[in-house]
Structures are given as structure tokens and as C-alpha cells.
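Structure data (mmCIF, C-alpha atoms; chains and numbers go by the auth columns) from coords.cif:
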```
data_query
loop_
_atom_site.group_PDB
_atom_site.id
_atom_site.type_symbol
_atom_site.label_atom_id
_atom_site.label_comp_id
_atom_site.label_asym_id
_atom_site.label_seq_id
_atom_site.Cartn_x
_atom_site.Cartn_y
_atom_site.Cartn_z
_atom_site.B_iso_or_equiv
_atom_site.auth_seq_id
_atom_site.auth_asym_id
ATOM 1 C CA MET A 1 98.735 116.416 103.426 0.00 1 A
ATOM 2 C CA THR A 2 97.649 114.727 106.639 0.00 2 A
ATOM 3 C CA ALA A 3 94.040 114.371 107.678 0.00 3 A
ATOM 4 C CA THR A 4 94.824 116.563 110.686 0.00 4 A
ATOM 5 C CA ALA A 5 96.023 119.380 108.438 0.00 5 A
ATOM 6 C CA MET A 6 92.954 119.138 106.208 0.00 6 A
ATOM 7 C CA MET A 7 90.632 119.113 109.212 0.00 7 A
ATOM 8 C CA SER A 8 92.420 122.211 110.481 0.00 8 A
ATOM 9 C CA MET A 9 91.813 123.919 107.141 0.00 9 A
ATOM 10 C CA ALA A 10 88.128 122.988 107.291 0.00 10 A
ATOM 11 C CA HIS A 11 87.897 124.456 110.793 0.00 11 A
ATOM 12 C CA ASP A 12 89.578 127.680 109.702 0.00 12 A
ATOM 13 C CA GLU A 13 87.308 128.003 106.655 0.00 13 A
ATOM 14 C CA ARG A 14 84.232 127.674 108.848 0.00 14 A
ATOM 15 C CA ALA A 15 85.622 130.212 111.310 0.00 15 A
ATOM 16 C CA ASP A 16 86.188 132.678 108.467 0.00 16 A
ATOM 17 C CA LEU A 17 82.642 132.077 107.220 0.00 17 A
ATOM 18 C CA ALA A 18 81.183 132.603 110.692 0.00 18 A
ATOM 19 C CA ASP A 19 83.099 135.861 111.126 0.00 19 A
ATOM 20 C CA PHE A 20 81.797 137.074 107.773 0.00 20 A
ATOM 21 C CA LEU A 21 78.204 136.078 108.477 0.00 21 A
ATOM 22 C CA ALA A 22 78.330 138.109 111.687 0.00 22 A
ATOM 23 C CA THR A 23 78.735 141.247 109.547 0.00 23 A
ATOM 24 C CA LEU A 24 75.596 140.675 107.447 0.00 24 A
ATOM 25 C CA ALA A 25 72.478 142.813 107.615 0.00 25 A
ATOM 26 C CA PRO A 26 69.085 141.056 107.892 0.00 26 A
ATOM 27 C CA GLN A 27 68.321 141.599 104.211 0.00 27 A
ATOM 28 C CA ASP A 28 71.641 140.014 103.214 0.00 28 A
ATOM 29 C CA TRP A 29 70.497 136.686 104.614 0.00 29 A
ATOM 30 C CA GLU A 30 67.513 136.713 102.249 0.00 30 A
ATOM 31 C CA THR A 31 69.621 137.447 99.140 0.00 31 A
ATOM 32 C CA PRO A 32 69.575 134.688 96.495 0.00 32 A
ATOM 33 C CA SER A 33 72.915 132.859 96.538 0.00 33 A
ATOM 34 C CA LEU A 34 74.701 131.215 93.625 0.00 34 A
ATOM 35 C CA CYS A 35 73.058 127.933 94.670 0.00 35 A
ATOM 36 C CA SER A 36 69.889 127.524 92.647 0.00 36 A
ATOM 37 C CA LYS A 37 66.744 128.345 94.676 0.00 37 A
ATOM 38 C CA TRP A 38 68.685 128.909 97.912 0.00 38 A
ATOM 39 C CA THR A 39 69.089 132.170 99.786 0.00 39 A
ATOM 40 C CA VAL A 40 72.178 132.980 101.847 0.00 40 A
ATOM 41 C CA LYS A 41 70.298 131.693 104.899 0.00 41 A
ATOM 42 C CA ASP A 42 69.532 128.429 103.100 0.00 42 A
ATOM 43 C CA VAL A 43 73.191 127.920 102.191 0.00 43 A
ATOM 44 C CA VAL A 44 74.257 128.392 105.799 0.00 44 A
ATOM 45 C CA ALA A 45 71.601 125.897 106.881 0.00 45 A
ATOM 46 C CA HIS A 46 72.962 123.424 104.331 0.00 46 A
ATOM 47 C CA VAL A 47 76.551 123.837 105.519 0.00 47 A
ATOM 48 C CA ILE A 48 75.599 122.788 109.051 0.00 48 A
ATOM 49 C CA SER A 49 72.727 120.419 108.316 0.00 49 A
ATOM 50 C CA TYR A 50 74.739 117.184 108.432 0.00 50 A
ATOM 51 C CA GLU A 51 76.728 117.942 111.575 0.00 51 A
ATOM 52 C CA GLU A 52 74.703 116.107 114.213 0.00 52 A
ATOM 53 C CA LEU A 53 73.310 113.228 112.186 0.00 53 A
ATOM 54 C CA ASP A 54 74.217 109.734 113.281 0.00 54 A
ATOM 55 C CA LYS A 55 73.997 106.848 110.818 0.00 55 A
ATOM 56 C CA VAL A 56 70.305 106.313 111.541 0.00 56 A
ATOM 57 C CA GLY A 57 69.546 109.995 111.055 0.00 57 A
ATOM 58 C CA LEU A 58 71.492 110.054 107.828 0.00 58 A
ATOM 59 C CA LEU A 59 69.585 107.064 106.485 0.00 59 A
ATOM 60 C CA LYS A 60 66.290 108.710 107.399 0.00 60 A
ATOM 61 C CA ARG A 61 67.258 111.875 105.559 0.00 61 A
ATOM 62 C CA PHE A 62 68.282 110.008 102.447 0.00 62 A
ATOM 63 C CA ALA A 63 65.043 108.047 102.649 0.00 63 A
ATOM 64 C CA LYS A 64 63.190 111.375 102.408 0.00 64 A
ATOM 65 C CA GLY A 65 65.163 112.523 99.401 0.00 65 A
ATOM 66 C CA TRP A 66 68.084 110.838 97.674 0.00 66 A
ATOM 67 C CA VAL A 67 71.224 112.892 96.893 0.00 67 A
ATOM 68 C CA VAL A 68 70.265 116.446 95.853 0.00 68 A
ATOM 69 C CA ARG A 69 66.829 116.253 97.420 0.00 69 A
ATOM 70 C CA ALA A 70 68.386 115.152 100.714 0.00 70 A
ATOM 71 C CA ASN A 71 70.250 118.457 100.816 0.00 71 A
ATOM 72 C CA GLN A 72 66.928 120.292 100.573 0.00 72 A
ATOM 73 C CA VAL A 73 65.506 118.122 103.339 0.00 73 A
ATOM 74 C CA GLY A 74 68.353 119.269 105.564 0.00 74 A
ATOM 75 C CA VAL A 75 67.776 122.924 104.709 0.00 75 A
ATOM 76 C CA ASP A 76 64.063 122.537 105.437 0.00 76 A
ATOM 77 C CA GLU A 77 64.816 121.008 108.837 0.00 77 A
ATOM 78 C CA PHE A 78 66.764 124.135 109.820 0.00 78 A
ATOM 79 C CA ALA A 79 64.329 126.625 108.267 0.00 79 A
ATOM 80 C CA SER A 80 62.704 127.546 111.585 0.00 80 A
ATOM 81 C CA LEU A 81 65.982 128.755 113.110 0.00 81 A
ATOM 82 C CA SER A 82 66.728 132.463 113.119 0.00 82 A
ATOM 83 C CA THR A 83 69.855 133.766 111.437 0.00 83 A
ATOM 84 C CA GLN A 84 71.481 134.280 114.824 0.00 84 A
ATOM 85 C CA GLN A 85 70.628 130.714 115.841 0.00 85 A
ATOM 86 C CA LEU A 86 72.182 129.427 112.617 0.00 86 A
ATOM 87 C CA LEU A 87 75.306 131.467 113.259 0.00 87 A
ATOM 88 C CA ALA A 88 75.514 130.202 116.838 0.00 88 A
ATOM 89 C CA PHE A 89 75.133 126.613 115.604 0.00 89 A
ATOM 90 C CA LEU A 90 77.931 127.155 113.072 0.00 90 A
ATOM 91 C CA ARG A 91 80.234 128.643 115.712 0.00 91 A
ATOM 92 C CA SER A 92 79.613 125.620 117.948 0.00 92 A
ATOM 93 C CA HIS A 93 80.492 123.292 115.054 0.00 93 A
ATOM 94 C CA LEU A 94 83.648 124.828 113.635 0.00 94 A
ATOM 95 C CA GLN A 95 85.298 121.449 114.003 0.00 95 A
ATOM 96 C CA PRO A 96 83.549 119.203 111.448 0.00 96 A
ATOM 97 C CA ARG A 97 81.744 116.161 112.749 0.00 97 A
ATOM 98 C CA GLY A 98 79.227 113.734 111.318 0.00 98 A
ATOM 99 C CA LEU A 99 79.172 113.306 107.558 0.00 99 A
ATOM 100 C CA THR A 100 81.243 116.429 106.857 0.00 100 A
ATOM 101 C CA ALA A 101 84.173 115.013 108.818 0.00 101 A
ATOM 102 C CA SER A 102 84.433 112.100 106.392 0.00 102 A
ATOM 103 C CA PHE A 103 87.632 111.580 104.394 0.00 103 A
ATOM 104 C CA GLY A 104 89.686 113.532 106.897 0.00 104 A
ATOM 105 C CA GLY A 105 87.474 116.600 106.710 0.00 105 A
ATOM 106 C CA MET A 106 87.557 116.748 102.908 0.00 106 A
ATOM 107 C CA ILE A 107 83.785 117.166 102.588 0.00 107 A
ATOM 108 C CA ALA A 108 83.719 120.035 105.074 0.00 108 A
ATOM 109 C CA LEU A 109 86.671 121.782 103.442 0.00 109 A
ATOM 110 C CA VAL A 110 85.417 121.520 99.854 0.00 110 A
ATOM 111 C CA ASP A 111 81.776 122.300 100.581 0.00 111 A
ATOM 112 C CA GLY A 112 82.671 125.015 103.056 0.00 112 A
ATOM 113 C CA THR A 113 84.958 126.830 100.643 0.00 113 A
ATOM 114 C CA ILE A 114 82.566 126.635 97.690 0.00 114 A
ATOM 115 C CA HIS A 115 79.523 127.668 99.703 0.00 115 A
ATOM 116 C CA HIS A 116 81.432 130.510 101.359 0.00 116 A
ATOM 117 C CA GLN A 117 82.032 131.845 97.852 0.00 117 A
ATOM 118 C CA ASP A 118 78.406 131.192 96.852 0.00 118 A
ATOM 119 C CA ILE A 119 77.499 133.657 99.573 0.00 119 A
ATOM 120 C CA ARG A 120 80.330 136.139 99.007 0.00 120 A
ATOM 121 C CA ARG A 121 79.773 136.389 95.268 0.00 121 A
ATOM 122 C CA SER A 122 76.030 136.842 95.571 0.00 122 A
ATOM 123 C CA LEU A 123 76.545 139.740 97.980 0.00 123 A
ATOM 124 C CA GLY A 124 79.360 141.356 96.013 0.00 124 A
ATOM 125 C CA ARG A 125 81.729 140.875 98.969 0.00 125 A
ATOM 126 C CA PRO A 126 84.862 139.224 97.522 0.00 126 A
ATOM 127 C CA ARG A 127 87.754 137.923 99.565 0.00 127 A
ATOM 128 C CA THR A 128 91.141 136.372 98.988 0.00 128 A
ATOM 129 C CA VAL A 129 90.900 132.670 99.834 0.00 129 A
ATOM 130 C CA PRO A 130 94.065 131.676 101.741 0.00 130 A
ATOM 131 C CA PRO A 131 96.368 130.227 99.047 0.00 131 A
ATOM 132 C CA ASP A 132 97.149 126.981 100.868 0.00 132 A
ATOM 133 C CA ARG A 133 93.447 126.307 101.351 0.00 133 A
ATOM 134 C CA LEU A 134 92.618 127.233 97.769 0.00 134 A
ATOM 135 C CA GLU A 135 95.320 125.010 96.275 0.00 135 A
ATOM 136 C CA ARG A 136 94.170 122.084 98.397 0.00 136 A
ATOM 137 C CA VAL A 137 90.526 122.446 97.388 0.00 137 A
ATOM 138 C CA LEU A 138 91.411 122.910 93.710 0.00 138 A
ATOM 139 C CA GLY A 139 93.231 119.598 93.816 0.00 139 A
ATOM 140 C CA LEU A 140 90.267 117.805 95.374 0.00 140 A
ATOM 141 C CA VAL A 141 87.482 118.986 93.077 0.00 141 A
ATOM 142 C CA PRO A 142 88.271 117.509 89.615 0.00 142 A
ATOM 143 C CA GLY A 143 87.900 113.936 90.823 0.00 143 A
ATOM 144 C CA ASN A 144 84.855 114.561 93.016 0.00 144 A
ATOM 145 C CA PRO A 145 81.906 112.819 91.312 0.00 145 A
ATOM 146 C CA ARG A 146 79.354 114.533 93.538 0.00 146 A
ATOM 147 C CA LEU A 147 80.222 117.947 92.120 0.00 147 A
ATOM 148 C CA GLY A 148 80.241 116.886 88.469 0.00 148 A
ATOM 149 C CA ALA A 149 83.467 118.776 87.778 0.00 149 A
ATOM 150 C CA GLY A 150 85.021 115.960 85.766 0.00 150 A
ATOM 151 C CA ARG A 151 82.537 116.174 82.911 0.00 151 A
ATOM 152 C CA ARG A 152 82.695 119.992 82.820 0.00 152 A
ATOM 153 C CA ILE A 153 86.470 120.157 82.467 0.00 153 A
ATOM 154 C CA ARG A 154 87.071 117.044 80.369 0.00 154 A
ATOM 155 C CA GLY A 155 89.506 117.792 77.536 0.00 155 A
ATOM 156 C CA LEU A 156 90.451 121.208 78.936 0.00 156 A
ATOM 157 C CA ARG A 157 93.547 122.562 80.634 0.00 157 A
ATOM 158 C CA LEU A 158 92.849 124.729 83.662 0.00 158 A
ATOM 159 C CA ARG A 159 95.572 127.075 84.884 0.00 159 A
ATOM 160 C CA ALA A 160 95.400 129.360 87.897 0.00 160 A
ATOM 161 C CA ILE A 161 97.214 132.680 87.645 0.00 161 A
ATOM 162 C CA ASP A 162 97.469 133.393 91.365 0.00 162 A
ATOM 163 C CA VAL A 163 98.351 130.006 92.872 0.00 163 A
ATOM 164 C CA ASP A 164 100.482 127.107 91.681 0.00 164 A
ATOM 165 C CA TRP A 165 97.818 124.861 90.167 0.00 165 A
ATOM 166 C CA THR A 166 97.099 123.404 86.749 0.00 166 A
ATOM 167 C CA HIS A 167 94.950 120.483 85.666 0.00 167 A
ATOM 168 C CA GLY A 168 94.315 118.571 82.467 0.00 168 A
ATOM 169 C CA SER A 169 95.281 119.110 78.859 0.00 169 A
ATOM 170 C CA GLY A 170 93.616 120.717 75.865 0.00 170 A
ATOM 171 C CA PRO A 171 92.281 124.220 75.170 0.00 171 A
ATOM 172 C CA GLU A 172 93.226 126.382 78.123 0.00 172 A
ATOM 173 C CA VAL A 173 91.030 128.145 80.674 0.00 173 A
ATOM 174 C CA THR A 174 92.935 130.600 82.845 0.00 174 A
ATOM 175 C CA GLY A 175 92.073 132.896 85.701 0.00 175 A
ATOM 176 C CA PRO A 176 92.120 133.230 89.482 0.00 176 A
ATOM 177 C CA GLY A 177 92.042 129.945 91.330 0.00 177 A
ATOM 178 C CA GLU A 178 88.818 130.899 93.088 0.00 178 A
ATOM 179 C CA ALA A 179 87.049 131.452 89.755 0.00 179 A
ATOM 180 C CA LEU A 180 88.334 128.134 88.425 0.00 180 A
ATOM 181 C CA LEU A 181 87.049 126.437 91.572 0.00 181 A
ATOM 182 C CA MET A 182 83.602 127.953 91.241 0.00 182 A
ATOM 183 C CA ALA A 183 83.426 127.184 87.527 0.00 183 A
ATOM 184 C CA MET A 184 84.325 123.555 88.178 0.00 184 A
ATOM 185 C CA ALA A 185 81.501 123.497 90.732 0.00 185 A
ATOM 186 C CA GLY A 186 79.080 124.682 88.039 0.00 186 A
ATOM 187 C CA ARG A 187 78.744 128.346 88.985 0.00 187 A
ATOM 188 C CA ARG A 188 78.209 130.218 85.726 0.00 188 A
ATOM 189 C CA ALA A 189 78.941 133.575 87.368 0.00 189 A
ATOM 190 C CA ALA A 190 82.615 132.611 87.628 0.00 190 A
ATOM 191 C CA LEU A 191 83.042 132.508 83.845 0.00 191 A
ATOM 192 C CA ALA A 192 83.300 136.306 83.735 0.00 192 A
ATOM 193 C CA ASP A 193 86.620 136.043 85.580 0.00 193 A
ATOM 194 C CA LEU A 194 88.115 133.446 83.244 0.00 194 A
ATOM 195 C CA SER A 195 89.672 133.618 79.799 0.00 195 A
ATOM 196 C CA GLY A 196 91.215 131.369 77.176 0.00 196 A
ATOM 197 C CA PRO A 197 90.151 129.251 74.218 0.00 197 A
ATOM 198 C CA GLY A 198 88.537 126.627 76.453 0.00 198 A
ATOM 199 C CA CYS A 199 86.061 129.017 78.072 0.00 199 A
ATOM 200 C CA ALA A 200 83.328 128.527 75.475 0.00 200 A
ATOM 201 C CA THR A 201 83.422 124.758 75.967 0.00 201 A
ATOM 202 C CA LEU A 202 83.367 125.107 79.740 0.00 202 A
ATOM 203 C CA GLY A 203 80.457 127.533 79.539 0.00 203 A
ATOM 204 C CA ALA A 204 78.473 125.211 77.300 0.00 204 A
ATOM 205 C CA ARG A 205 78.731 122.514 79.964 0.00 205 A
ATOM 206 C CA MET A 206 77.369 124.732 82.723 0.00 206 A
ATOM 207 C CA PRO A 207 73.832 124.432 84.060 0.00 207 A
ATOM 208 C CA GLU A 208 71.560 127.241 82.910 0.00 208 A
#
```
Structure translated into C-alpha cells:
Amino acid sequence: MTATAMMSMAHDERADLADFLATLAPQDWETPSLCSKWTVKDVVAHVISYEELDKVGLLKRFAKGWVVRANQVGVDEFASLSTQQLLAFLRSHLQPRGLTASFGGMIALVDGTIHHQDIRRSLGRPRTVPPDRLERVLGLVPGNPRLGAGRRIRGLRLRAIDVDWTHGSGPEVTGPGEALLMAMAGRRAALADLSGPGCATLGARMPE
């Protein structure tokens, strides 16, 4: 897949997220998401928080808090914005730029898809992820060291039942591709949608 195609997918994922966010009631924005300690509003702030950083700004953020903590710094910087201001910012940044445009838009596509589901699942508002997008993200996650998927799925065979995707070898974990994606990303809630002899091992490797 070309970088242009992946960037297009990232754009479309953000557009879908923005359209969904426009349907939320005020209390929905304050609902705890699947991301530990973050509300729906916090997750949206995170998704957009790297968009306008230049190299100097990025270095300053990482100086405030390396890796995971830097994500919180970004959320805190957007905390004063209203939900409508966050949505407007997202709509004006559907095309990834800054850090999220790195690797041909891979960061924006992977993070955008996972965080969209963090919000959807927490609100009980499921969707069908477009199959081409889902297959692409599934293929990108196992080797992504930032997400920690490799250690969670080591020695297991993952098989999606709704898209053409398998990974690894060993005791099998099967289910919808979206649930496999979220489980690889460490979301324990996704385990309820999965089955197979490898599920207990995968669950044991999840954060509490």
C-alpha cells in the first residue's frame, strides 16, 4: 500500500470520528473511555494534540514527560477547550500533519482507529470498521513497539472471522478483527468478544 493510500485512510477515519462526535450529548464527553484515566473528551484531545507541534514543540513536550507522560501533557494542554472547540479543531485537521503524519500517516491511522473504538466501546455505540481500513491496521499493530502488542500475542495465533487476517502460530484466539485489534492494544474489554484456547494467555498479559 502506498503512503498516499494510507494517508487517505487516516483522513477518512478522522472524518468518521468527527461525524460520530457531533452526535454526542454533553454527558457522553465526560464518560470514562477505555483509555485508563481518560474521558471521551480526553481521548479526543489526545488524538489532535500532536497536530501542530514543530520539532521544537515536540522536544519541549517530551522534556515535560517522556513517552506515556508526554501524552498526558498534550491532553492537559487542550483541557481548556470546549467539546465544540475540540471537534472544530479535529475537523480542521482531518489530514494528518505533524507527528501523526509520520510513516506515511501510519501513526494517525493506527491511533485514530484504536481511539475511535476506545470511545465507541465505552459509550456502547458499536460500528463496523471499514474492512480495508481494519485489515491495514491489524497488519501494522503486531510489530508496533509503542503499543506493546508483540509481547501480548507472542506464541499465539490470532485469526479474524470477518476479514482476511491471521497472525502468528500457537494456541488460537479468534473473533472479529476489531476485537483482536483492541485486545492487541491492551483493551481488556475486547476479550469478551474473543474465543479460543489462547484467550486465557492473552488475558493474563493484559493490564489490569
Run the PyMOL selection byres ((chain A and resi 78) around 9) mentally over the shown coordinates, then write out the matched residues as number ranges by chain, using the chain letters and numbers from the document. A: 42, 45-46, 48-49, 73-77, 79-82, 86
Quick one: which residues end up in the PyMOL selection byres ((chain A and resi 10) around 9) for this structure, as an MDAnalysis selection string? chainID A and resid 5:9 11:15 94:96 105:110 112:113 133
Could you state which residues are captured by the PyMOL selection byres ((chain A and resi 147) around 12) in this file, as a list in words?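 Those residues are Val67, Val68, Ile107, Val110, Asp111, Ile114, Leu140, Val141, Pro142, Gly143, Asn144, Pro145, Arg146, Gly148, Ala149, Gly150, Arg151, Arg152, Ile153, Leu181, Met182, Ala183, Met184, Ala185, Gly186, Arg187 and Met206 of chain A.
Residues within 7 Å of A:Asp193, counting all atoms listed in the file and excluding same-chain residues fewer than 2 positions away, are Gly175, Ala179, Ala190, Leu191 and Ser195 of chain A.
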Ranking A:Ala204, A:Ile119, A:Val137, A:Leu34 by minimum distance to A:Gly177 and counting all atoms listed in the file, which one comes first?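 Residue with the minimum atom-to-atom distance to A:Gly177: A:Val137.
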Can you tell me how far atom CA of A:Leu17 sits from atom CA of A:Arg127, in Å to one decimal?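 Those two atoms sit 10.9 Å apart.
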A:Arg125 proximity check over A:Ala3, A:Cys35, A:Leu21, A:Leu99, using all atoms listed in the file: winner is A:Leu21
Please provide the set of residues having any atom within 8 Å of A:Lys41, restricted to all atoms listed in the file, with same-chain residues fewer than 5 positions apart removed, written as a PyMOL selection string. chain A and resi 29-30+83
Listed atoms of stretch 121-132 of chain A, axis-aligned box, 4 Å per side: centre and edge lengths to one decimal in Å, as JSON?
```
{"center_x": 86.6, "center_y": 134.2, "center_z": 98.5, "size_x": 29.1, "size_y": 22.4, "size_z": 14.5}
```
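Straight-line separation from atom CA of A:Ser169 to atom CA of A:Ala192: 21.5 Å.
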Generate all heavy atoms for stretch 40-51 of chain A and emit them as a PDB file, keeping the file's coordinate frame.
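result39.pdb written:
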```pdb
ATOM      1  N   VAL A  40      70.999 133.075 100.988  1.00  0.00           N
ATOM      2  CA  VAL A  40      72.178 132.980 101.847  1.00  0.00           C
ATOM      3  C   VAL A  40      71.857 132.174 103.097  1.00  0.00           C
ATOM      4  O   VAL A  40      72.631 131.301 103.508  1.00  0.00           O
ATOM      5  CB  VAL A  40      72.681 134.390 102.215  1.00  0.00           C
ATOM      6  CG1 VAL A  40      73.718 134.328 103.333  1.00  0.00           C
ATOM      7  CG2 VAL A  40      73.265 135.091 100.984  1.00  0.00           C
ATOM      8  N   LYS A  41      70.707 132.434 103.694  1.00  0.00           N
ATOM      9  CA  LYS A  41      70.298 131.693 104.899  1.00  0.00           C
ATOM     10  C   LYS A  41      70.194 130.198 104.609  1.00  0.00           C
ATOM     11  O   LYS A  41      70.616 129.360 105.421  1.00  0.00           O
ATOM     12  CB  LYS A  41      68.959 132.240 105.413  1.00  0.00           C
ATOM     13  CG  LYS A  41      68.456 131.606 106.703  1.00  0.00           C
ATOM     14  CD  LYS A  41      67.198 132.325 107.184  1.00  0.00           C
ATOM     15  CE  LYS A  41      66.728 131.778 108.534  1.00  0.00           C
ATOM     16  NZ  LYS A  41      65.950 130.551 108.416  1.00  0.00           N
ATOM     17  N   ASP A  42      69.653 129.840 103.466  1.00  0.00           N
ATOM     18  CA  ASP A  42      69.532 128.429 103.100  1.00  0.00           C
ATOM     19  C   ASP A  42      70.900 127.770 102.965  1.00  0.00           C
ATOM     20  O   ASP A  42      71.095 126.621 103.371  1.00  0.00           O
ATOM     21  CB  ASP A  42      68.777 128.283 101.773  1.00  0.00           C
ATOM     22  CG  ASP A  42      67.317 128.689 101.857  1.00  0.00           C
ATOM     23  OD1 ASP A  42      66.735 128.615 102.953  1.00  0.00           O
ATOM     24  OD2 ASP A  42      66.769 129.086 100.814  1.00  0.00           O
ATOM     25  N   VAL A  43      71.852 128.481 102.375  1.00  0.00           N
ATOM     26  CA  VAL A  43      73.191 127.920 102.191  1.00  0.00           C
ATOM     27  C   VAL A  43      73.841 127.657 103.542  1.00  0.00           C
ATOM     28  O   VAL A  43      74.471 126.611 103.755  1.00  0.00           O
ATOM     29  CB  VAL A  43      74.066 128.857 101.335  1.00  0.00           C
ATOM     30  CG1 VAL A  43      75.509 128.362 101.300  1.00  0.00           C
ATOM     31  CG2 VAL A  43      73.525 128.948  99.912  1.00  0.00           C
ATOM     32  N   VAL A  44      73.694 128.599 104.462  1.00  0.00           N
ATOM     33  CA  VAL A  44      74.257 128.392 105.799  1.00  0.00           C
ATOM     34  C   VAL A  44      73.609 127.177 106.465  1.00  0.00           C
ATOM     35  O   VAL A  44      74.292 126.355 107.077  1.00  0.00           O
ATOM     36  CB  VAL A  44      74.072 129.653 106.666  1.00  0.00           C
ATOM     37  CG1 VAL A  44      74.569 129.399 108.089  1.00  0.00           C
ATOM     38  CG2 VAL A  44      74.817 130.832 106.045  1.00  0.00           C
ATOM     39  N   ALA A  45      72.294 127.057 106.324  1.00  0.00           N
ATOM     40  CA  ALA A  45      71.601 125.897 106.881  1.00  0.00           C
ATOM     41  C   ALA A  45      72.152 124.605 106.284  1.00  0.00           C
ATOM     42  O   ALA A  45      72.360 123.612 106.997  1.00  0.00           O
ATOM     43  CB  ALA A  45      70.102 126.011 106.628  1.00  0.00           C
ATOM     44  N   HIS A  46      72.416 124.614 104.981  1.00  0.00           N
ATOM     45  CA  HIS A  46      72.962 123.424 104.331  1.00  0.00           C
ATOM     46  C   HIS A  46      74.336 123.072 104.879  1.00  0.00           C
ATOM     47  O   HIS A  46      74.634 121.899 105.137  1.00  0.00           O
ATOM     48  CB  HIS A  46      73.050 123.649 102.826  1.00  0.00           C
ATOM     49  CG  HIS A  46      73.871 122.620 102.122  1.00  0.00           C
ATOM     50  ND1 HIS A  46      73.501 121.292 102.036  1.00  0.00           N
ATOM     51  CD2 HIS A  46      75.073 122.719 101.478  1.00  0.00           C
ATOM     52  CE1 HIS A  46      74.429 120.617 101.375  1.00  0.00           C
ATOM     53  NE2 HIS A  46      75.387 121.459 101.034  1.00  0.00           N
ATOM     54  N   VAL A  47      75.188 124.080 105.049  1.00  0.00           N
ATOM     55  CA  VAL A  47      76.551 123.837 105.519  1.00  0.00           C
ATOM     56  C   VAL A  47      76.562 123.088 106.846  1.00  0.00           C
ATOM     57  O   VAL A  47      77.410 122.219 107.077  1.00  0.00           O
ATOM     58  CB  VAL A  47      77.319 125.171 105.635  1.00  0.00           C
ATOM     59  CG1 VAL A  47      78.635 124.989 106.394  1.00  0.00           C
ATOM     60  CG2 VAL A  47      77.606 125.747 104.247  1.00  0.00           C
ATOM     61  N   ILE A  48      75.609 123.390 107.715  1.00  0.00           N
ATOM     62  CA  ILE A  48      75.599 122.788 109.051  1.00  0.00           C
ATOM     63  C   ILE A  48      74.632 121.619 109.194  1.00  0.00           C
ATOM     64  O   ILE A  48      74.609 120.959 110.231  1.00  0.00           O
ATOM     65  CB  ILE A  48      75.263 123.844 110.120  1.00  0.00           C
ATOM     66  CG1 ILE A  48      73.862 124.419 109.893  1.00  0.00           C
ATOM     67  CG2 ILE A  48      76.324 124.942 110.133  1.00  0.00           C
ATOM     68  CD1 ILE A  48      73.431 125.437 110.947  1.00  0.00           C
ATOM     69  N   SER A  49      73.865 121.324 108.164  1.00  0.00           N
ATOM     70  CA  SER A  49      72.727 120.419 108.316  1.00  0.00           C
ATOM     71  C   SER A  49      73.095 118.948 108.512  1.00  0.00           C
ATOM     72  O   SER A  49      72.229 118.152 108.881  1.00  0.00           O
ATOM     73  CB  SER A  49      71.788 120.543 107.111  1.00  0.00           C
ATOM     74  OG  SER A  49      72.429 120.106 105.920  1.00  0.00           O
ATOM     75  N   TYR A  50      74.340 118.587 108.254  1.00  0.00           N
ATOM     76  CA  TYR A  50      74.739 117.184 108.432  1.00  0.00           C
ATOM     77  C   TYR A  50      75.582 116.966 109.696  1.00  0.00           C
ATOM     78  O   TYR A  50      76.064 115.858 109.936  1.00  0.00           O
ATOM     79  CB  TYR A  50      75.533 116.704 107.218  1.00  0.00           C
ATOM     80  CG  TYR A  50      74.682 116.498 105.980  1.00  0.00           C
ATOM     81  CD1 TYR A  50      74.533 117.505 105.036  1.00  0.00           C
ATOM     82  CD2 TYR A  50      74.033 115.285 105.752  1.00  0.00           C
ATOM     83  CE1 TYR A  50      73.748 117.324 103.898  1.00  0.00           C
ATOM     84  CE2 TYR A  50      73.255 115.087 104.618  1.00  0.00           C
ATOM     85  CZ  TYR A  50      73.122 116.115 103.701  1.00  0.00           C
ATOM     86  OH  TYR A  50      72.347 115.924 102.571  1.00  0.00           O
ATOM     87  N   GLU A  51      75.755 118.005 110.489  1.00  0.00           N
ATOM     88  CA  GLU A  51      76.728 117.942 111.575  1.00  0.00           C
ATOM     89  C   GLU A  51      76.352 116.994 112.711  1.00  0.00           C
ATOM     90  O   GLU A  51      77.218 116.382 113.308  1.00  0.00           O
ATOM     91  CB  GLU A  51      76.966 119.342 112.147  1.00  0.00           C
ATOM     92  CG  GLU A  51      77.734 120.248 111.222  1.00  0.00           C
ATOM     93  CD  GLU A  51      79.049 119.638 110.778  1.00  0.00           C
ATOM     94  OE1 GLU A  51      79.910 119.347 111.625  1.00  0.00           O
ATOM     95  OE2 GLU A  51      79.215 119.430 109.565  1.00  0.00           O
TER      96      GLU A  51
END
```
